[in-house]
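Structure file protein.txt; described as compact mmCIF, C-alpha atoms.
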# COMPACT_ATOMS: atom_id res chain seq x y z
CA MET A 1 135.49 102.45 117.01
CA THR A 2 133.10 102.64 114.09
CA GLN A 3 129.81 104.21 115.03
CA ARG A 4 127.06 101.72 114.27
CA LYS A 5 124.00 102.80 112.35
CA ALA A 6 120.41 101.76 112.92
CA ALA A 7 117.26 102.43 110.95
CA ALA A 8 114.31 102.91 113.31
CA LEU A 9 110.76 102.35 112.14
CA ILE A 10 109.03 105.55 113.28
CA SER A 11 105.24 105.45 113.35
CA GLY A 12 104.79 108.72 115.17
CA GLY A 13 103.64 106.97 118.33
CA LEU A 14 105.30 106.74 121.71
CA ASP A 15 106.84 103.28 121.48
CA SER A 16 108.95 103.90 118.41
CA LEU A 17 110.04 107.25 119.81
CA LEU A 18 111.30 105.58 122.97
CA ALA A 19 112.98 102.72 121.12
CA ALA A 20 114.91 105.13 118.90
CA LYS A 21 115.83 107.27 121.89
CA LEU A 22 117.29 104.26 123.73
CA MET A 23 119.53 103.63 120.74
CA LEU A 24 120.63 107.25 120.50
CA ASP A 25 121.51 107.13 124.19
CA GLN A 26 123.79 104.18 123.48
CA GLY A 27 125.70 106.18 120.88
CA ILE A 28 124.11 104.60 117.85
CA HIS A 29 123.56 106.73 114.74
CA VAL A 30 119.82 106.48 114.14
CA GLU A 31 117.77 107.52 111.14
CA GLY A 32 114.02 107.03 111.00
CA ILE A 33 111.93 105.37 108.32
CA ASN A 34 108.21 105.93 108.06
CA PHE A 35 106.27 103.86 105.57
CA TYR A 36 103.17 105.38 104.01
CA THR A 37 100.59 102.75 103.07
CA GLY A 38 97.67 105.02 102.20
CA PHE A 39 95.80 103.76 105.27
CA CYS A 40 97.90 105.71 107.76
CA VAL A 41 95.96 107.94 110.12
CA GLU A 42 97.38 111.43 109.96
CA GLY A 43 96.22 114.56 111.69
CA HIS A 44 95.65 116.12 108.31
CA THR A 45 93.22 113.44 107.25
CA HIS A 46 90.95 114.36 110.10
CA ALA A 47 91.62 118.03 109.50
CA ILE A 48 89.64 117.84 106.27
CA ARG A 49 86.56 118.36 108.40
CA ASN A 50 85.56 121.81 109.63
CA LYS A 51 85.23 120.64 113.22
CA ASP A 52 88.88 119.62 113.20
CA LYS A 53 90.21 122.73 111.49
CA ASN A 54 91.70 124.07 114.69
CA LYS A 55 93.50 120.85 115.57
CA GLU A 56 97.21 121.05 115.14
CA LYS A 57 98.14 119.73 111.72
CA ARG A 58 101.32 117.89 112.36
CA ASN A 59 102.71 114.72 110.97
CA ASN A 60 103.62 112.81 114.10
CA ALA A 61 106.46 110.85 112.54
CA LEU A 62 108.15 114.08 111.43
CA TRP A 63 107.49 115.59 114.82
CA VAL A 64 109.05 112.59 116.59
CA ALA A 65 112.11 112.74 114.35
CA GLU A 66 112.58 116.39 115.16
CA GLN A 67 112.26 115.72 118.89
CA LEU A 68 114.91 113.05 118.57
CA GLY A 69 117.12 115.12 116.27
CA ILE A 70 117.25 112.41 113.61
CA LYS A 71 116.62 112.31 109.90
CA LEU A 72 113.36 110.77 108.73
CA HIS A 73 112.79 109.08 105.42
CA ILE A 74 109.12 108.81 104.47
CA VAL A 75 108.68 106.01 101.97
CA ASP A 76 105.66 105.59 99.72
CA ILE A 77 104.75 101.89 99.71
CA ILE A 78 101.16 102.30 98.53
CA GLU A 79 101.45 100.04 95.49
CA GLU A 80 103.54 97.27 97.05
CA TYR A 81 101.39 97.29 100.15
CA LYS A 82 98.27 96.32 98.23
CA ASP A 83 99.27 92.69 98.27
CA VAL A 84 99.55 92.79 102.07
CA VAL A 85 96.00 94.13 102.39
CA ILE A 86 94.48 91.96 99.70
CA ASN A 87 96.23 88.64 100.41
CA PRO A 88 97.44 88.55 104.00
CA LYS A 89 99.11 85.21 104.59
CA HIS A 90 98.31 85.40 108.27
CA GLY A 91 94.81 86.79 107.79
CA TYR A 92 93.06 89.79 109.23
CA GLY A 93 92.57 90.95 112.80
CA ALA A 94 89.26 92.09 114.24
CA ASN A 95 88.71 94.23 111.13
CA LEU A 96 90.57 94.30 107.81
CA ASN A 97 93.87 94.88 109.58
CA PRO A 98 96.57 92.48 108.38
CA CYS A 99 98.86 93.45 111.27
CA LEU A 100 101.20 90.48 111.26
CA ASP A 101 101.79 90.55 107.52
CA CYS A 102 102.05 94.33 107.68
CA LYS A 103 104.79 94.37 110.28
CA GLY A 104 106.68 91.62 108.48
CA PHE A 105 106.42 93.57 105.24
CA MET A 106 107.64 96.79 106.82
CA VAL A 107 110.59 95.11 108.47
CA ARG A 108 111.46 93.49 105.13
CA LYS A 109 111.36 96.90 103.45
CA ALA A 110 113.52 98.26 106.26
CA LEU A 111 115.98 95.42 105.68
CA GLU A 112 116.21 96.36 102.00
CA TRP A 113 116.73 99.98 103.06
CA ILE A 114 119.60 99.24 105.46
CA GLN A 115 121.25 97.07 102.83
CA GLN A 116 121.03 99.87 100.27
CA HIS A 117 122.22 102.55 102.70
CA ASP A 118 124.88 100.58 104.55
CA PHE A 119 123.22 100.60 107.95
CA ASP A 120 123.83 97.85 110.50
CA PHE A 121 120.49 96.93 112.01
CA ILE A 122 116.79 97.70 112.40
CA VAL A 123 114.98 99.01 115.46
CA THR A 124 111.26 98.87 116.18
CA GLY A 125 109.16 99.95 119.13
CA GLU A 126 107.43 96.59 119.44
CA VAL A 127 106.56 95.29 122.90
CA VAL A 128 105.72 91.68 123.67
CA GLY A 129 102.01 91.33 124.36
CA GLN A 130 101.19 94.88 123.33
CA ARG A 131 98.97 93.97 120.39
CA PRO A 132 96.87 90.89 119.79
CA MET A 133 98.23 89.99 116.38
CA SER A 134 101.69 91.26 115.58
CA GLN A 135 103.10 91.71 119.06
CA ARG A 136 102.66 88.38 120.76
CA LYS A 137 105.43 86.24 122.13
CA ASP A 138 104.76 83.65 119.43
CA THR A 139 104.31 86.04 116.50
CA MET A 140 107.26 88.36 117.04
CA PRO A 141 109.73 85.67 115.90
CA VAL A 142 107.54 85.20 112.80
CA ILE A 143 108.17 88.84 111.85
CA ALA A 144 111.91 88.49 112.34
CA ARG A 145 111.98 85.27 110.31
CA GLU A 146 109.60 86.05 107.48
CA SER A 147 110.99 89.55 106.92
CA GLY A 148 114.45 88.05 106.53
CA ALA A 149 115.81 90.48 109.12
CA ARG A 150 116.24 87.72 111.73
CA ASP A 151 118.70 88.88 114.39
CA LEU A 152 119.25 92.24 112.72
CA LEU A 153 115.93 93.22 114.21
CA LEU A 154 116.23 94.74 117.68
CA ARG A 155 113.25 95.69 119.84
CA PRO A 156 114.83 97.78 122.59
CA LEU A 157 111.68 98.09 124.71
CA CYS A 158 111.42 94.34 125.30
CA ALA A 159 114.80 93.00 124.14
CA ARG A 160 115.68 91.52 127.51
CA ILE A 161 112.86 89.04 127.34
CA LEU A 162 113.71 88.05 123.78
CA PRO A 163 116.70 86.11 122.45
CA GLU A 164 119.89 88.09 121.96
CA THR A 165 120.23 89.83 118.62
CA LEU A 166 123.36 90.48 116.59
CA PRO A 167 123.80 94.10 117.80
CA GLU A 168 123.77 92.80 121.38
CA ARG A 169 126.10 89.88 120.75
CA GLU A 170 128.56 92.09 118.89
CA GLY A 171 128.53 94.64 121.69
CA TRP A 172 127.19 97.43 119.49
CA VAL A 173 124.49 97.93 122.11
CA ASP A 174 124.52 97.03 125.78
CA ARG A 175 121.78 94.49 126.49
CA ASN A 176 121.74 95.53 130.12
CA LYS A 177 120.51 98.96 129.10
CA LEU A 178 117.65 97.53 127.09
CA LEU A 179 114.21 96.97 128.61
CA ASP A 180 111.84 94.15 129.45
CA PHE A 181 108.44 95.72 128.86
CA SER A 182 105.55 93.36 128.16
CA GLY A 183 101.78 93.40 128.10
CA ARG A 184 99.20 95.98 127.18
CA ASN A 185 99.80 98.27 130.13
CA ARG A 186 101.24 101.52 128.78
CA LYS A 187 102.31 102.92 132.13
CA PRO A 188 105.95 101.81 131.79
CA GLN A 189 106.25 103.61 128.46
CA MET A 190 104.60 106.71 129.86
CA ALA A 191 106.91 106.66 132.88
CA LEU A 192 109.93 106.25 130.63
CA ALA A 193 108.74 109.11 128.42
CA ASN A 194 108.43 111.28 131.49
CA GLN A 195 111.88 110.27 132.66
CA LEU A 196 113.36 111.11 129.27
CA GLY A 197 111.60 114.46 129.13
CA PHE A 198 108.96 113.70 126.53
CA ASN A 199 105.62 115.02 127.70
CA ASP A 200 103.93 115.76 124.38
CA TYR A 201 103.38 112.72 122.22
CA ALA A 202 100.64 111.03 120.21
CA GLN A 203 98.06 109.18 122.30
CA PRO A 204 99.76 105.97 123.44
CA ALA A 205 96.97 103.60 122.52
CA GLY A 206 95.89 105.52 119.43
CA GLY A 207 95.62 103.52 116.23
CA CYS A 208 97.81 104.57 113.36
CA CYS A 209 95.96 102.66 110.64
CA PHE A 210 92.46 103.01 109.25
CA LEU A 211 92.30 99.25 108.69
CA THR A 212 91.93 98.73 112.43
CA ASP A 213 88.78 100.87 112.34
CA ALA A 214 85.52 98.92 112.09
CA ASN A 215 83.66 101.61 110.14
CA TYR A 216 86.45 102.04 107.63
CA SER A 217 86.83 98.29 107.20
CA ARG A 218 83.11 97.92 106.56
CA LYS A 219 83.33 100.46 103.75
CA LEU A 220 86.35 98.76 102.24
CA ALA A 221 84.61 95.37 102.44
CA ASP A 222 81.61 96.90 100.66
CA LEU A 223 83.87 98.26 97.92
CA TRP A 224 85.40 94.84 97.35
CA GLN A 225 82.05 93.11 97.41
CA VAL A 226 80.58 95.45 94.82
CA ARG A 227 83.62 95.09 92.58
CA GLY A 228 83.53 91.33 92.91
CA GLU A 229 87.22 91.30 93.73
CA LYS A 230 89.66 92.66 96.26
CA ARG A 231 91.12 95.61 94.38
CA TYR A 232 91.66 99.28 95.14
CA GLU A 233 93.41 102.39 93.94
CA ILE A 234 94.73 105.14 96.16
CA ASP A 235 91.75 107.40 95.41
CA ASP A 236 89.35 104.64 96.47
CA ILE A 237 90.90 104.36 99.90
CA MET A 238 91.17 108.13 100.30
CA LEU A 239 87.48 108.56 99.55
CA LEU A 240 86.58 105.94 102.15
CA LYS A 241 88.00 108.34 104.74
CA VAL A 242 85.66 111.18 103.77
CA GLY A 243 81.92 111.82 103.97
CA ARG A 244 78.86 109.72 104.64
CA HIS A 245 78.75 106.66 102.43
CA VAL A 246 75.19 105.62 101.65
CA ARG A 247 74.33 102.68 99.41
CA PRO A 248 70.62 102.80 98.56
CA ARG A 249 70.92 100.25 95.75
CA PRO A 250 73.46 97.48 95.20
CA HIS A 251 74.82 99.08 92.03
CA PHE A 252 75.51 102.59 93.33
CA LYS A 253 76.44 104.49 96.43
CA LEU A 254 76.60 108.15 97.33
CA ILE A 255 79.48 109.90 99.06
CA ILE A 256 77.97 112.88 100.87
CA GLY A 257 80.11 115.69 102.24
CA ARG A 258 79.40 116.36 105.92
CA ASP A 259 80.65 119.94 106.01
CA ASP A 260 82.38 122.54 103.86
CA GLY A 261 85.77 120.99 104.50
CA GLU A 262 84.63 117.65 103.12
CA ASN A 263 82.74 119.31 100.28
CA ASN A 264 85.96 121.06 99.28
CA PHE A 265 87.85 117.81 99.38
CA LEU A 266 85.20 115.99 97.33
CA ARG A 267 85.21 118.85 94.81
CA GLY A 268 88.65 117.64 93.77
CA TYR A 269 86.99 114.43 92.51
CA ARG A 270 84.13 116.06 90.60
CA ASN A 271 85.43 115.29 87.14
CA ARG A 272 85.57 111.56 87.86
CA PHE A 273 82.04 111.08 89.18
CA VAL A 274 78.49 112.00 88.38
CA HIS A 275 77.94 114.55 91.13
CA MET A 276 75.12 116.65 92.47
CA HIS A 277 74.17 119.40 94.86
CA ALA A 278 71.04 121.32 95.75
CA SER A 279 70.90 124.54 93.76
CA SER A 280 67.90 125.97 95.59
CA HIS A 281 69.31 125.49 99.10
CA ARG A 282 72.64 125.09 100.84
CA GLY A 283 73.72 121.50 101.05
CA PRO A 284 76.41 118.93 100.50
CA LEU A 285 78.35 118.00 97.42
CA VAL A 286 77.45 114.40 96.61
CA LEU A 287 79.43 112.00 94.44
CA LEU A 288 77.58 109.12 92.82
CA ASP A 289 79.79 106.05 92.68
CA ALA A 290 78.60 103.52 90.11
CA GLU A 291 79.80 101.69 87.05
CA SER A 292 79.15 103.79 83.97
CA GLY A 293 75.76 103.11 82.37
CA THR A 294 74.25 101.23 85.29
CA VAL A 295 72.27 104.07 86.83
CA SER A 296 68.67 104.59 85.72
CA GLU A 297 66.53 107.71 85.77
CA ASN A 298 64.81 106.37 88.90
CA ASP A 299 68.21 105.92 90.55
CA LEU A 300 69.10 109.53 89.77
CA LEU A 301 65.80 110.70 91.24
CA LEU A 302 66.48 108.74 94.41
CA ALA A 303 70.00 110.16 94.57
CA ALA A 304 68.60 113.67 94.13
CA ARG A 305 66.09 113.10 96.93
CA LEU A 306 68.89 111.85 99.18
CA THR A 307 71.00 114.89 98.29
CA ALA A 308 68.06 117.10 99.27
CA ARG A 309 67.66 115.10 102.48
CA PHE A 310 71.12 116.13 103.71
CA GLY A 311 70.82 119.84 102.86
CA LYS A 312 69.11 122.86 104.35
CA GLY A 313 65.94 122.16 102.38
CA ARG A 314 65.34 118.83 104.06
CA THR A 315 62.02 119.93 105.57
CA ASP A 316 60.80 121.82 102.51
CA ASP A 317 58.33 120.38 100.04
CA GLU A 318 60.60 120.77 97.06
CA VAL A 319 64.33 121.15 96.46
CA THR A 320 66.07 121.71 93.13
CA VAL A 321 69.04 119.41 92.70
CA SER A 322 71.59 119.90 89.91
CA ILE A 323 73.10 116.68 88.62
CA HIS A 324 76.32 116.91 86.62
CA ASP A 325 77.18 114.00 84.34
CA LEU A 326 80.73 113.00 83.50
CA SER A 327 80.92 115.57 80.72
CA ASP A 328 79.60 118.19 83.17
CA MET A 329 76.25 118.47 81.45
CA VAL A 330 73.79 119.63 84.11
CA THR A 331 70.24 118.38 84.57
CA GLU A 332 68.01 119.89 87.22
CA TYR A 333 65.55 117.80 89.20
CA LYS A 334 62.84 119.23 91.40
CA VAL A 335 62.35 116.65 94.12
CA ALA A 336 60.83 116.11 97.52
CA PRO A 337 63.59 115.46 100.06
CA LEU A 338 63.63 111.88 101.23
CA HIS A 339 61.74 111.48 104.48
CA PRO A 340 63.77 109.96 107.35
CA ASP A 341 61.38 106.97 107.36
CA GLU A 342 62.42 106.26 103.77
CA LEU A 343 66.11 106.07 104.66
CA PRO A 344 66.83 102.68 106.24
CA GLN A 345 69.80 102.48 108.58
CA GLU A 346 71.28 99.65 106.53
CA TRP A 347 71.88 102.04 103.64
CA TYR A 348 74.63 103.67 105.70
CA LEU A 349 77.98 101.98 105.21
CA MET B 1 119.61 130.64 90.55
CA ILE B 2 117.79 127.52 89.39
CA MET B 3 114.22 127.35 90.71
CA GLU B 4 112.38 124.10 90.19
CA THR B 5 108.71 123.76 90.97
CA LEU B 6 106.67 120.91 92.38
CA ASP B 7 102.91 120.80 92.04
CA ALA B 8 101.63 118.98 95.13
CA ARG B 9 98.07 120.29 94.91
CA ASN B 10 95.25 117.95 95.92
CA MET B 11 97.65 115.71 97.80
CA LEU B 12 97.07 114.88 101.42
CA CYS B 13 99.68 114.43 104.12
CA PRO B 14 102.24 112.96 103.83
CA MET B 15 102.31 112.91 100.02
CA PRO B 16 103.49 116.54 99.66
CA VAL B 17 106.45 115.67 101.89
CA ILE B 18 107.18 112.46 100.01
CA ARG B 19 107.08 114.24 96.65
CA THR B 20 109.29 117.03 98.03
CA GLN B 21 111.74 114.49 99.39
CA ASP B 22 111.90 112.66 96.05
CA LYS B 23 112.35 115.88 94.12
CA VAL B 24 115.06 117.19 96.45
CA ASN B 25 116.97 113.92 96.19
CA GLY B 26 117.41 114.64 92.49
CA MET B 27 118.59 118.21 92.99
CA ALA B 28 121.99 119.65 93.81
CA SER B 29 122.98 121.70 96.84
CA GLY B 30 122.22 125.35 96.33
CA GLU B 31 119.29 124.76 94.02
CA MET B 32 115.90 126.15 94.93
CA LEU B 33 112.57 124.36 94.93
CA GLU B 34 109.09 125.83 95.06
CA VAL B 35 106.37 123.48 96.32
CA VAL B 36 102.69 124.37 95.82
CA CYS B 37 100.17 122.53 98.05
CA THR B 38 96.49 122.69 98.87
CA ASP B 39 96.97 120.81 102.16
CA HIS B 40 97.66 123.58 104.65
CA GLY B 41 99.33 121.04 106.92
CA ALA B 42 102.26 121.17 104.50
CA LEU B 43 103.12 124.51 106.09
CA ASN B 44 104.11 122.54 109.18
CA ASP B 45 105.38 119.37 107.58
CA ILE B 46 107.66 120.56 104.82
CA PRO B 47 109.55 123.01 107.03
CA THR B 48 109.89 120.27 109.68
CA TRP B 49 111.19 117.88 107.04
CA CYS B 50 113.62 120.56 105.88
CA ARG B 51 114.89 121.22 109.40
CA ILE B 52 115.56 117.57 110.19
CA ASN B 53 117.20 116.94 106.84
CA GLY B 54 119.30 120.09 106.70
CA HIS B 55 117.53 122.04 103.97
CA THR B 56 116.57 125.71 104.34
CA VAL B 57 113.09 127.13 104.00
CA VAL B 58 113.49 130.48 102.29
CA GLU B 59 109.88 131.59 102.22
CA THR B 60 106.35 130.38 102.89
CA VAL B 61 103.19 131.88 101.44
CA ASP B 62 99.79 131.07 102.87
CA ASN B 63 96.57 132.04 101.18
CA ASP B 64 93.05 130.70 101.36
CA HIS B 65 93.38 128.07 98.68
CA GLU B 66 96.99 127.00 98.63
CA VAL B 67 100.34 127.31 100.31
CA ILE B 68 103.72 127.79 98.71
CA ILE B 69 106.98 126.73 100.31
CA ARG B 70 110.30 127.79 98.77
CA LEU B 71 113.36 125.96 99.97
CA GLU B 72 117.06 125.73 99.28
CA VAL B 73 118.59 122.30 98.99
CA HIS B 74 121.60 121.34 101.09
CA HIS B 75 123.00 117.84 100.81
CA GLY B 76 125.27 117.74 103.82
CA ALA B 77 127.08 114.86 105.49
Spit out the file's structure as structure tokens when you get a sec.
Amino acid sequence: MTQRKAAALISGGLDSLLAAKLMLDQGIHVEGINFYTGFCVEGHTHAIRNKDKNKEKRNNALWVAEQLGIKLHIVDIIEEYKDVVINPKHGYGANLNPCLDCKGFMVRKALEWIQQHDFDFIVTGEVVGQRPMSQRKDTMPVIARESGARDLLLRPLCARILPETLPEREGWVDRNKLLDFSGRNRKPQMALANQLGFNDYAQPAGGCCFLTDANYSRKLADLWQVRGEKRYEIDDIMLLKVGRHVRPRPHFKLIIGRDDGENNFLRGYRNRFVHMHASSHRGPLVLLDAESGTVSENDLLLAARLTARFGKGRTDDEVTVSIHDLSDMVTEYKVAPLHPDELPQEWYL
Amino acid sequence: MIMETLDARNMLCPMPVIRTQDKVNGMASGEMLEVVCTDHGALNDIPTWCRINGHTVVETVDNDHEVIIRLEVHHGA
């Protein structure tokens, strides 16, 4: 009998690990696909910061694939994904997370992949009722329908409470060995993981997307508002993950490194921004994000005072701040660090 | 021995892996690739990617500013 082949969407979390494992245990050839949107939360992203330097730097999707003994294809969908974030047909969740459109898009991309690579069906770790937007009883059929995958989409963790799919009808997989998980309770998944011998996995309820994060979404909304349109490039969304973002005036904001790790990361962007640092004291690297030609001398003075505020000279009377323009010409300002009373909370994004 | 190089500096996870994957897909079995990264996490990720996809890591170099991973391509079954 021909061995059937399934492409499993692997996020790096527990559910997709278990779903793929159930397929492997039924003799299916499984390969993983992991889509990279630019908003994915990876251990490395957090590891930019000094305080996280000792955390294990592992890509969870790769780790899961290795545990399962399957190949993993990581696919860059950054450009195509923009339309999902900018124009979600089904709208956003609690933050700027377009979860329903996102899952539909990823399943559609997986469908294209299985067609190109001669695989038979698609597997996801979705569970009915697990998430408020994309994993509800009434929205899961929307994903199957709008992605075009229809009954080529199998969700092994809850298949027995969903209509039969083609792999089940054709006998490629045994429906009786599929599961009927539902709801937000993660205990069944954790029990199954234990039973299958997986005791080291990413936090079950951990988010895998920055768009579900309220702070991140607020910064992205600010970016769009300032630009007057919903538009972003990959560097924009990377920079939203790093540093303090402070907008003292509508036409510019500062991105302020919080430690040496972030300063190092921001250093990679120096040639694209007016940037500054205190030259008389230790302190952060600060990028000034503004449209060219919109920043006045007073704005630069304020930015310099803010830069001084976040460095070791914050309590001194005077700090020298070096400001580099886009051609790396340096101007030094001697400024009084901004007093905490002069820094309204609403400046923080 | 053909040694290709990939500059993956200033890329964050998982872009070094994606670029490696794309580069390797265009190479023949037996060819060597050198990947240079500034994300130290690549020292975990690229070898993991190699193991699960059947390629061989020949050498890794770790210094303060960057890491270098040299691998041999194997396109198996």
Looking at B:Ala28, B:Leu6, B:Val17, B:Ile68, which one is nearest to Thr48 in chain B, with distances taken over all atoms listed in the file?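 Looking only at the distances to Thr48 in chain B, the closest residue turns out to be B:Val17.
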*Contacts of His74 in chain B within 9 Å, all atoms listed in the file, excl. fewer than 4 positions in-chain, as a list in words*: Ala28, Ser29, Gly30, Glu31, Asn53, Gly54, His55 and Thr56 of chain B
Considering all atoms listed in the file, give me a table of residues in chain B that are at most 9 Å from chain A, with the closest atom pair and distance in Å for each, as JSON lines.
{"residue": "B:Asn10", "atom": "CA", "partner": "A:Gly268", "partner_atom": "CA", "distance": 6.9}
{"residue": "B:Leu12", "atom": "CA", "partner": "A:Thr45", "partner_atom": "CA", "distance": 7.1}
{"residue": "B:Cys13", "atom": "CA", "partner": "A:His44", "partner_atom": "CA", "distance": 6.1}
{"residue": "B:Pro14", "atom": "CA", "partner": "A:Asn59", "partner_atom": "CA", "distance": 7.4}
{"residue": "B:Met15", "atom": "CA", "partner": "A:Asp76", "partner_atom": "CA", "distance": 8.1}
{"residue": "B:Val17", "atom": "CA", "partner": "A:Ile74", "partner_atom": "CA", "distance": 7.8}
{"residue": "B:Ile18", "atom": "CA", "partner": "A:Ile74", "partner_atom": "CA", "distance": 6.1}
{"residue": "B:Gln21", "atom": "CA", "partner": "A:Ile74", "partner_atom": "CA", "distance": 8.1}
{"residue": "B:Asp39", "atom": "CA", "partner": "A:His44", "partner_atom": "CA", "distance": 7.8}
{"residue": "B:His40", "atom": "CA", "partner": "A:Lys57", "partner_atom": "CA", "distance": 8.1}
{"residue": "B:Gly41", "atom": "CA", "partner": "A:Lys57", "partner_atom": "CA", "distance": 5.1}
{"residue": "B:Ala42", "atom": "CA", "partner": "A:Lys57", "partner_atom": "CA", "distance": 8.4}
{"residue": "B:Leu43", "atom": "CA", "partner": "A:Lys57", "partner_atom": "CA", "distance": 8.9}
{"residue": "B:Asn44", "atom": "CA", "partner": "A:Arg58", "partner_atom": "CA", "distance": 6.3}
{"residue": "B:Asp45", "atom": "CA", "partner": "A:Asn59", "partner_atom": "CA", "distance": 6.3}
{"residue": "B:Thr48", "atom": "CA", "partner": "A:Leu62", "partner_atom": "CA", "distance": 6.7}
{"residue": "B:Trp49", "atom": "CA", "partner": "A:Leu62", "partner_atom": "CA", "distance": 6.6}
{"residue": "B:Arg51", "atom": "CA", "partner": "A:Glu66", "partner_atom": "CA", "distance": 7.9}
{"residue": "B:Ile52", "atom": "CA", "partner": "A:Lys71", "partner_atom": "CA", "distance": 5.4}
{"residue": "B:Asn53", "atom": "CA", "partner": "A:Lys71", "partner_atom": "CA", "distance": 5.6}
{"residue": "B:Gly54", "atom": "CA", "partner": "A:Lys71", "partner_atom": "CA", "distance": 8.8}
Select, counting only C-alpha atoms, all protein, DNA and RNA residues no farther than 7 Å from (113.2, 124.1, 89.6) in file coordinates, and express the selection as number ranges by chain. B: 2-5, 32-33
Create the file for the chosen residues now, containing C-alpha atoms and written as a CSV table (one decimal), in the frame of the given file.
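File produced: part-v9.csv:
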chain,number,residue,atom,x,y,z
B,2,ILE,CA,117.8,127.5,89.4
B,3,MET,CA,114.2,127.4,90.7
B,4,GLU,CA,112.4,124.1,90.2
B,5,THR,CA,108.7,123.8,91.0
B,32,MET,CA,115.9,126.2,94.9
B,33,LEU,CA,112.6,124.4,94.9
Pick out the closest residue to Asn215 in chain A from this set: A:Leu166, A:Leu96, A:Leu306, A:Ala20. Count only C-alpha atoms.
->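 Ranked by minimum distance to Asn215 in chain A, first place goes to A:Leu96.
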Per residue of range 280-315 of chain A within 12 Å of range 330-349 of chain A, what are the shortest atom pair and its distance in Å to one decimal, counting all atoms listed in the file, with rows by chain and residue number, as JSON lines?
{"residue": "A:Ser280", "atom": "CA", "partner": "A:Lys334", "partner_atom": "CA", "distance": 9.4}
{"residue": "A:His281", "atom": "CA", "partner": "A:Pro337", "partner_atom": "CA", "distance": 11.6}
{"residue": "A:Gly283", "atom": "CA", "partner": "A:Pro337", "partner_atom": "CA", "distance": 11.8}
{"residue": "A:Glu297", "atom": "CA", "partner": "A:Tyr333", "partner_atom": "CA", "distance": 10.7}
{"residue": "A:Asn298", "atom": "CA", "partner": "A:Tyr333", "partner_atom": "CA", "distance": 11.5}
{"residue": "A:Leu300", "atom": "CA", "partner": "A:Tyr333", "partner_atom": "CA", "distance": 9.0}
{"residue": "A:Leu301", "atom": "CA", "partner": "A:Tyr333", "partner_atom": "CA", "distance": 7.4}
{"residue": "A:Leu302", "atom": "CA", "partner": "A:Leu338", "partner_atom": "CA", "distance": 8.0}
{"residue": "A:Ala303", "atom": "CA", "partner": "A:Leu338", "partner_atom": "CA", "distance": 9.4}
{"residue": "A:Ala304", "atom": "CA", "partner": "A:Val335", "partner_atom": "CA", "distance": 6.9}
{"residue": "A:Arg305", "atom": "CA", "partner": "A:Pro337", "partner_atom": "CA", "distance": 4.6}
{"residue": "A:Leu306", "atom": "CA", "partner": "A:Leu338", "partner_atom": "CA", "distance": 5.6}
{"residue": "A:Thr307", "atom": "CA", "partner": "A:Pro337", "partner_atom": "CA", "distance": 7.6}
{"residue": "A:Ala308", "atom": "CA", "partner": "A:Pro337", "partner_atom": "CA", "distance": 4.8}
{"residue": "A:Arg309", "atom": "CA", "partner": "A:Pro337", "partner_atom": "CA", "distance": 4.7}
{"residue": "A:Phe310", "atom": "CA", "partner": "A:Pro337", "partner_atom": "CA", "distance": 8.4}
{"residue": "A:Gly311", "atom": "CA", "partner": "A:Pro337", "partner_atom": "CA", "distance": 8.9}
{"residue": "A:Lys312", "atom": "CA", "partner": "A:Pro337", "partner_atom": "CA", "distance": 10.2}
{"residue": "A:Gly313", "atom": "CA", "partner": "A:Pro337", "partner_atom": "CA", "distance": 7.5}
{"residue": "A:Arg314", "atom": "CA", "partner": "A:Pro337", "partner_atom": "CA", "distance": 5.5}
{"residue": "A:Thr315", "atom": "CA", "partner": "A:Pro337", "partner_atom": "CA", "distance": 7.3}
Within 7 Å of Ala8 in chain B, counting only C-alpha atoms, which residues show up once you throw out same-chain ones fewer than 4 positions away? Write them as an MDAnalysis selection string, please.
chainID B and resid 16 35:37
Taken to one decimal, the CA of Lys5 in chain A-CA of Glu31 in chain A distance is 7.9 Å
